[in-house]
Amino acid sequence: MDPQTNSFRDRLEQKLNDRKAHNLFRERQTLSARQGAKVKIDGRDVINFCSNDYLGLSNHPDIVAAFKAVADQFGVGSGSSSLVSGRYRLHQQLEEKLAEKTGREAALLFPSGYMANLAIATSLAGRGDAIFLDRLAHASMIDAARLSGAKLHRYQHADPESLALGLSKSTSKIKLVLTDAVFSMDGDKAPMRELAAICEQHQAVLVVDDAHGFGVLGEQGGGLLEETGLRSDQAPVLMATFGKALGTAGAFVAADKCIIESLVQFGRSYIYTTAAPPALAAATLAALEIVDKESWRRKELIARIKHFRLRAKEQDLKLLASETAIQPLIVGDSASAVQLSQALLKEGFLNTAIRPPTVPEGSARLRITLTAEHTNDQIDQLLETLGKLL
Ligand SMILES: *Cc1c(COP(=O)(O)O)cnc(C)c1O
C-alpha cells in the first residue's frame with residue numbers, strides 16, 4: 001500500500017476509535033420481523049419504543065393494498081427524475097391533495113425530508129442572505145443552511161426574543177427562519193404564534209418543518225400549524241414528512257406557487273434525484289385519507305401519552321415538558337445511556353440511546369416514543385423495568 005493510502009486508513013481508524021472511546025459509536029439494530037409495536041431482533045420479540053410510526057399506519061391494510069395495486073400496475077421504480085420522466089399522475093394527485101389539506105396554493109413531493117429541507121434553504125436563500133435556526137433544529141436544516149451559502153445565525157431554543165434580537169441586528173435583505181414545529185429529540189412544540197409575529201415584524205420568511213406534527217396534531221391531523229391556527233401568510237413555507245405519522249416515506253413542501261416553482265426550477269435535491277415510486281404516492285394518498293377520516297388513532301395516542309406521563313411521574317422519573325409522542329428521559333453521559341438501552345433490550349424493550357452530536361453534549365438520553373399501537377400494559381412494563389434499572 002502506498003503511504004497516502006495508509007494515512008487515509010489511519011485517519012479513518014483513528015476517528016472510529018475516538019468515537020468508540022467516547023461511547024459514541026453507533027451499532028445498528030437489524031429487525032427481522034414486525035407486528036404492531038412488536039419487532040423481532042436476533043430471534044427475540046421485543047417491544048419497540050423508538051419508532052416514529054405514531055399512528056401505526058405503516059402496516060395498515062388499506063395503505064398496503066394501495067401500494068400493491070400500483071406496484072402491480074406500474075412496477076416499483078419511477079424510472080427517472082421528476083423533471084425527466086419520473087412524474088406520474090399519482091404524484092400530481094398527491095401534491096394537489098396536500099395543497100388542499102394544508103390550505104396552500106401548491107405542494108411539491110420529495111423522496112425524503114432531508115432532501116426537502118436542502119431544496120428549501122438552497123433555493124430560497126443564498127450568499128448575502130441570512131438564515132436563522134433554532135439551536136435544536138434538526139440536522140437536515142443545519143446542513144441545508146450551510147449548503148445555501150447564506151449567513152447562518154443560531155438563536156436560543158424556542159426563544160422568540162433571542163430570534164428577535166438576531167433579526168434586528170441583521171442587515172441582510174432576505175431572512176429565512178427555519179424551525180422544527182415539534183422538536184425531534186425533545187418533543188416540545190415551537191412557540192409558533194410568537195415566532196410568526198416576530199417574523200412579520202422583521203419581514204423574515206418563516207419556514208416550518210412539521211415532521212413530527214403532521215398527521216398527529218390538529219383536529220384533522222394537519223399538524224402544529226392547524227393546531228395553532230396559523231395562516232399560510234404567517235408561515236409561508238411548510239415542510240412535513242411521510243415517514244413518521246403517515247407510515248410511508250418521503251416528504252412535501254407546501255407554499256404559494258412562486259415558492260413551489262422556485263423549488264422545481266432551482267432545488268438541486270429535487271431535480272437531480274429519481275422520483276419516488278408512484279406506488280408510494282398511492283400509499284401516501286391512502287394514508288392521508290385515513291388521517292382525514294379517522295381521528296381515533298390520534299385519540300389513542302393522546303391517551304397513551306397521558307398514561308405514560310402519569311405513571312412516570314408516580315415513579316419520579318424526570319421527564320422533559322413534552323406533550324407529544326416524543327418523551328425523552330435525559331440520562332446525561334453517553335456511556336450510561338448506552339448501558340441503559342442495552343439493559344432494556346435484554347428485558348425485551350427496544351430503545352436506542354440518543355447521543356451527541358444528535359443531541360447537545362451531556363444530554364444523552366432515551367428518546368421514548370409512543371404510538372397508537374402501544375397498550376397501557378406495555379407502557380407499564382417499560383416503566384417498571386426502567387424503575388428497576390435506574
Ligand atoms: C425525520 C426528520 C426529517 C427528515 O425526514 P426524512 O424523510 O426522514 O428524511 C427532517 N426534519 C425533521 C424535524 C425530522 O424529524
# chains A, B, ... in the order shown; residues from 1 in each chain; ligands from 1
$ residues_near_ligand --ligand "ligand 1" --cutoff "8 Å" --atoms "only C-alpha atoms and all ligand atoms" --output "NGL selection string"
:A and (111-117 or 137-141 or 180-184 or 209-212 or 240-244 or 249-251)
$ residues_around --residues "Ile330 in chain A" --least-positions-apart "6" --cutoff "10 Å" --atoms "only C-alpha atoms" --output "PyMOL selection string"
chain A and resi 186+317-320+337+354+362-367
$ residues_around --residues "Glu27 in chain A" --least-positions-apart "5" --cutoff "12 Å" --atoms "only C-alpha atoms" --output "ChimeraX atom specification"
/A:19-20,338,341-342,352-354
$ write_last_selection --atoms "N, CA and C atoms" --output "mmCIF file, in the first residue's frame"
data_model
loop_
_atom_site.group_PDB
_atom_site.id
_atom_site.type_symbol
_atom_site.label_atom_id
_atom_site.label_comp_id
_atom_site.auth_asym_id
_atom_site.auth_seq_id
_atom_site.Cartn_x
_atom_site.Cartn_y
_atom_site.Cartn_z
ATOM 1 N N ARG A 19 -14.497 7.613 18.405
ATOM 2 C CA ARG A 19 -15.929 7.506 18.624
ATOM 3 C C ARG A 19 -16.234 6.413 19.649
ATOM 4 N N LYS A 20 -15.543 5.291 19.495
ATOM 5 C CA LYS A 20 -15.743 4.188 20.448
ATOM 6 C C LYS A 20 -15.312 4.613 21.842
ATOM 7 N N VAL A 338 -26.099 4.337 26.886
ATOM 8 C CA VAL A 338 -25.927 3.093 26.128
ATOM 9 C C VAL A 338 -26.186 1.878 27.025
ATOM 10 N N SER A 341 -29.872 1.466 27.591
ATOM 11 C CA SER A 341 -30.512 0.981 26.381
ATOM 12 C C SER A 341 -30.259 -0.525 26.200
ATOM 13 N N GLN A 342 -29.020 -0.958 26.478
ATOM 14 C CA GLN A 342 -28.687 -2.386 26.342
ATOM 15 C C GLN A 342 -29.416 -3.226 27.380
ATOM 16 N N THR A 352 -33.186 2.746 21.382
ATOM 17 C CA THR A 352 -31.814 3.088 21.043
ATOM 18 C C THR A 352 -31.407 4.386 21.742
ATOM 19 N N ALA A 353 -30.233 4.386 22.358
ATOM 20 C CA ALA A 353 -29.756 5.594 23.056
ATOM 21 C C ALA A 353 -29.467 6.701 22.041
ATOM 22 N N ILE A 354 -29.854 7.915 22.395
ATOM 23 C CA ILE A 354 -29.582 9.075 21.530
ATOM 24 C C ILE A 354 -28.453 9.888 22.165
#
$ residues_around --residues "range 298-304 of chain A" --least-positions-apart "6" --cutoff "10 Å" --atoms "only C-alpha atoms" --output "ChimeraX atom specification"
/A:54-56,215-221,245,291,310,323-325,370-376,379
$ select_by_dssp --residues "range 150-293 of chain A" --states "strand (DSSP E or B)" --output "PyMOL selection string"
chain A and resi 151-155+175-180+182+189+205-209+237-241+251-255+274
$ atom_distance --atom1 "CA of Thr273 in chain A" --atom2 "CA of Ala144 in chain A"
16.4 Å
